[in-house]
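Single-structure report; data block below.
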Amino acid sequence: MASHGTHSVRNALTVDVEDYFQVAALAPQIPRDTWDSRECRIERNLDRILALFDRFGVSATFFTLGWIAERYPHAVRRIVEAGHELASHGYGHQRVTELDAKAFRADVERARSLLEDLSGQPIRGYRAPSFSIGRSNLWALEILAETGHQYSSSIYPIRHDHYGMHEAPREPHYPLEGGILELPPATLRLRGRNLPAAGGGYFRLLPYAMSRRALRRIEQVDRMPAVFYFHPWEIDPDQPRVPGISAKSRFRHYVNLHRMESRLERLLQDFSWGRMDTVFADHLGPTGMPAARSGESSRIPVT
Ligand SMILES: [Zn+2]
């Protein structure tokens, strides 16, 4: 992008605020109606994340579940007070692919009003649980726009067994003409394929040097900000173990949890980071002010 030099690309740091018992892959073993009886570790983990970001002077975007905001308002208020962007991860963490339009609207409206009441600020961003917006349910983007959201970070342009729309653009774009802005999680373009480079299980599983190389390449070759994400439970090696989950889910969920915090320190050290709404301010307009958009003038040039 013209406004950034090769060495000064600022990436977007994001946290999906949910606890370990709300992870979609563990859902078969953890019925929703038992959530309230589980040991919730979100306050401890958010404290650690806020301290970490403070240490590195980094601002980030927290895509927060309405369910969490309702039960832990003080923890969520601390996010806002520390100067971070509060955004929505929906209310109940159901994949959008499991909801019809009416249920999806109810979920995102409920989350948005909870988060706005709590923060006293407009909520601009939304991320779908498990990146569950893709080819089959782009209608969800219309509902996000209608309910006042200005951007989504929900379409992962990769092939994956649980999510992804591999043919979607890797850069900021408008999936529907005149609709909401999509800011996709980072991918590395290699030999004609998109590889995930945005965090999650891959960041914990693979050596840190691989993640660093991928992000450097996006910075130097694509010259666009990368969108990176992680979860509070990923820095919590002592979280209660969930019995009865498949070997694959167990591996994905628990691998290298004890290494995560020190890896994040290196990540914060090695790259420049900011909130979604400031990193993408050229597309969104300044914080707190909706960008004026109409028709063709809203199209983002592909760099
Ligand atoms: Zn989530």
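Labels used: A, B, ... for chains in the order of the structure tokens, numbers from 1 for residues in each chain, and numbers from 1 for ligands as shown.
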
Using only C-alpha atoms, which protein or nucleic acid residues come within 8 Å of segment 84-100 of chain A? Drop anything in the same chain fewer than 6 positions from it, and give the result as a ChimeraX atom specification. /A:16-17,22,24,59-67,107-108,110-112,115,119,123-130,132-133,137,140,275-277

Include N, CA, C and O atoms and write out the residues we just selected as a tab-separated table (two decimals), in the first residue's frame.
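again-v2.tsv was written with the following content:
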```
chain	number	residue	atom	x	y	z
A	16	ASP	N	-9.27	-13.40	19.98
A	16	ASP	CA	-10.66	-13.86	20.02
A	16	ASP	C	-10.99	-14.24	21.46
A	16	ASP	O	-10.49	-15.26	21.97
A	17	VAL	N	-11.80	-13.39	22.11
A	17	VAL	CA	-12.03	-13.54	23.54
A	17	VAL	C	-13.13	-14.56	23.82
A	17	VAL	O	-14.32	-14.27	23.72
A	22	GLN	N	-15.44	-23.17	25.13
A	22	GLN	CA	-16.31	-22.66	24.06
A	22	GLN	C	-15.74	-22.95	22.67
A	22	GLN	O	-16.34	-22.57	21.67
A	24	ALA	N	-15.02	-24.56	19.27
A	24	ALA	CA	-15.94	-25.35	18.45
A	24	ALA	C	-15.52	-26.82	18.36
A	24	ALA	O	-16.37	-27.72	18.42
A	59	SER	N	-1.16	-1.89	20.85
A	59	SER	CA	-2.62	-1.88	20.88
A	59	SER	C	-3.15	-2.97	19.97
A	59	SER	O	-2.54	-3.27	18.94
A	60	ALA	N	-4.29	-3.54	20.33
A	60	ALA	CA	-4.83	-4.66	19.56
A	60	ALA	C	-6.35	-4.57	19.50
A	60	ALA	O	-6.96	-3.70	20.12
A	61	THR	N	-6.95	-5.48	18.74
A	61	THR	CA	-8.41	-5.59	18.66
A	61	THR	C	-8.84	-6.89	19.34
A	61	THR	O	-8.27	-7.94	19.07
A	62	PHE	N	-9.83	-6.77	20.23
A	62	PHE	CA	-10.34	-7.94	20.96
A	62	PHE	C	-11.74	-8.29	20.46
A	62	PHE	O	-12.71	-7.62	20.81
A	63	PHE	N	-11.84	-9.34	19.65
A	63	PHE	CA	-13.15	-9.82	19.19
A	63	PHE	C	-13.75	-10.65	20.33
A	63	PHE	O	-13.31	-11.77	20.60
A	64	THR	N	-14.74	-10.07	20.99
A	64	THR	CA	-15.20	-10.59	22.28
A	64	THR	C	-16.59	-11.21	22.19
A	64	THR	O	-17.49	-10.63	21.58
A	65	LEU	N	-16.75	-12.36	22.82
A	65	LEU	CA	-18.07	-13.01	22.86
A	65	LEU	C	-19.01	-12.23	23.78
A	65	LEU	O	-18.63	-11.87	24.90
A	66	GLY	N	-20.26	-12.07	23.33
A	66	GLY	CA	-21.27	-11.45	24.19
A	66	GLY	C	-21.44	-12.24	25.48
A	66	GLY	O	-21.64	-11.68	26.55
A	67	TRP	N	-21.35	-13.56	25.38
A	67	TRP	CA	-21.50	-14.44	26.56
A	67	TRP	C	-20.47	-14.08	27.63
A	67	TRP	O	-20.77	-14.06	28.82
A	107	ASP	N	-28.11	-13.21	17.23
A	107	ASP	CA	-26.83	-13.44	17.89
A	107	ASP	C	-25.93	-12.19	17.80
A	107	ASP	O	-25.37	-11.74	18.80
A	108	VAL	N	-25.82	-11.61	16.60
A	108	VAL	CA	-24.88	-10.49	16.46
A	108	VAL	C	-25.45	-9.20	17.07
A	108	VAL	O	-24.70	-8.37	17.58
A	110	ARG	N	-27.41	-9.10	19.74
A	110	ARG	CA	-27.28	-9.25	21.19
A	110	ARG	C	-25.84	-8.95	21.64
A	110	ARG	O	-25.62	-8.21	22.61
A	111	ALA	N	-24.87	-9.48	20.91
A	111	ALA	CA	-23.46	-9.24	21.25
A	111	ALA	C	-23.13	-7.76	21.12
A	111	ALA	O	-22.51	-7.16	22.01
A	112	ARG	N	-23.55	-7.18	20.02
A	112	ARG	CA	-23.19	-5.78	19.76
A	112	ARG	C	-23.75	-4.85	20.82
A	112	ARG	O	-23.07	-3.95	21.31
A	115	LEU	N	-21.79	-5.24	24.10
A	115	LEU	CA	-20.44	-4.68	24.03
A	115	LEU	C	-20.47	-3.15	23.98
A	115	LEU	O	-19.62	-2.49	24.56
A	119	SER	N	-18.81	-0.67	26.78
A	119	SER	CA	-17.65	0.14	26.42
A	119	SER	C	-18.02	1.60	26.20
A	119	SER	O	-17.14	2.47	26.23
A	123	ILE	N	-19.31	-0.41	18.21
A	123	ILE	CA	-18.59	-1.63	17.85
A	123	ILE	C	-18.58	-1.72	16.34
A	123	ILE	O	-19.62	-1.79	15.70
A	124	ARG	N	-17.39	-1.70	15.75
A	124	ARG	CA	-17.29	-1.64	14.29
A	124	ARG	C	-17.00	-3.00	13.66
A	124	ARG	O	-17.37	-3.27	12.54
A	125	GLY	N	-16.28	-3.84	14.38
A	125	GLY	CA	-15.77	-5.07	13.77
A	125	GLY	C	-16.45	-6.33	14.27
A	125	GLY	O	-16.95	-6.38	15.39
A	126	TYR	N	-16.45	-7.36	13.44
A	126	TYR	CA	-17.02	-8.67	13.78
A	126	TYR	C	-16.13	-9.76	13.22
A	126	TYR	O	-15.63	-9.65	12.09
A	127	ARG	N	-15.92	-10.81	14.01
A	127	ARG	CA	-15.27	-12.02	13.49
A	127	ARG	C	-16.15	-13.22	13.78
A	127	ARG	O	-16.55	-13.45	14.92
A	128	ALA	N	-16.42	-14.01	12.75
A	128	ALA	CA	-17.26	-15.19	12.90
A	128	ALA	C	-16.51	-16.28	13.66
A	128	ALA	O	-15.31	-16.47	13.46
A	129	PRO	N	-17.21	-17.00	14.57
A	129	PRO	CA	-16.60	-18.16	15.22
A	129	PRO	C	-16.04	-19.13	14.17
A	129	PRO	O	-16.71	-19.40	13.16
A	130	SER	N	-14.83	-19.60	14.38
A	130	SER	CA	-14.19	-20.56	13.46
A	130	SER	C	-14.17	-20.09	12.00
A	130	SER	O	-14.21	-20.91	11.09
A	132	SER	N	-16.36	-18.95	10.09
A	132	SER	CA	-17.40	-19.75	9.43
A	132	SER	C	-18.26	-18.95	8.45
A	132	SER	O	-19.44	-19.26	8.28
A	133	ILE	N	-17.70	-17.93	7.82
A	133	ILE	CA	-18.40	-17.29	6.70
A	133	ILE	C	-17.60	-17.61	5.45
A	133	ILE	O	-16.37	-17.51	5.43
A	137	ASN	N	-22.57	-18.94	2.69
A	137	ASN	CA	-23.40	-18.08	3.57
A	137	ASN	C	-22.97	-16.62	3.55
A	137	ASN	O	-22.93	-15.97	4.59
A	140	ALA	N	-24.67	-13.61	5.36
A	140	ALA	CA	-24.37	-13.13	6.72
A	140	ALA	C	-23.74	-11.73	6.69
A	140	ALA	O	-23.93	-10.93	7.61
A	275	ARG	N	-4.21	-1.90	16.28
A	275	ARG	CA	-5.62	-2.29	16.25
A	275	ARG	C	-6.12	-2.36	14.81
A	275	ARG	O	-5.63	-1.63	13.96
A	276	MET	N	-7.10	-3.20	14.57
A	276	MET	CA	-7.68	-3.30	13.22
A	276	MET	C	-8.13	-1.93	12.71
A	276	MET	O	-7.86	-1.56	11.58
A	277	ASP	N	-8.83	-1.17	13.56
A	277	ASP	CA	-9.43	0.08	13.07
A	277	ASP	C	-8.38	1.16	12.79
A	277	ASP	O	-8.65	2.09	12.03
```

Residue set, segment 43-139 of chain A restricted to alpha helix (DSSP H), as number ranges by chain: A: 43-56, 66-71, 73-81, 101-119, 139

Could you pull the residues within 12 Å of Arg38 of chain A, counting only C-alpha atoms, minus those fewer than 2 positions along the same chain, as a list of chain:residue names?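 Listing them by chain and then by number gives A:Asp19, A:Tyr20, A:Phe21, A:Gln22, A:Ile30, A:Pro31, A:Arg32, A:Asp33, A:Thr34, A:Trp35, A:Asp36, A:Cys40, A:Arg41, A:Ile42, A:Gln239, A:Pro240, A:Arg241, A:Val242.
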
Give me the segment 71-164 of chain A side of the contact with segment 48-57 of chain A, cut-off 10 Å, one line per residue showing its nearest atom pair and distance in Å at one decimal, counting only C-alpha atoms, sorted by chain and residue number, as JSON lines.
```
{"residue": "A:Arg78", "atom": "CA", "partner": "A:Leu50", "partner_atom": "CA", "distance": 8.4}
{"residue": "A:Ile79", "atom": "CA", "partner": "A:Leu50", "partner_atom": "CA", "distance": 7.3}
{"residue": "A:Ala82", "atom": "CA", "partner": "A:Leu50", "partner_atom": "CA", "distance": 7.6}
{"residue": "A:Gly83", "atom": "CA", "partner": "A:Asp54", "partner_atom": "CA", "distance": 9.9}
{"residue": "A:His84", "atom": "CA", "partner": "A:Leu50", "partner_atom": "CA", "distance": 9.3}
```

Just list the residues in segment 30-255 of chain A DSSP gives strand (DSSP E) on the backbone, as a list in words.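 The strand (DSSP E) subset of segment 30-255 of chain A is Thr61, Phe62, Phe63, Thr64, Glu85, Leu86, Ala87, Ser88, Gly125, Tyr126, Tyr151, Ser152, Leu181, Glu182, Thr187, Leu188, Arg189, Leu190, Arg193, Asn194, Leu195, Pro196, Val227, Phe228, Tyr229 and Phe230 of chain A.
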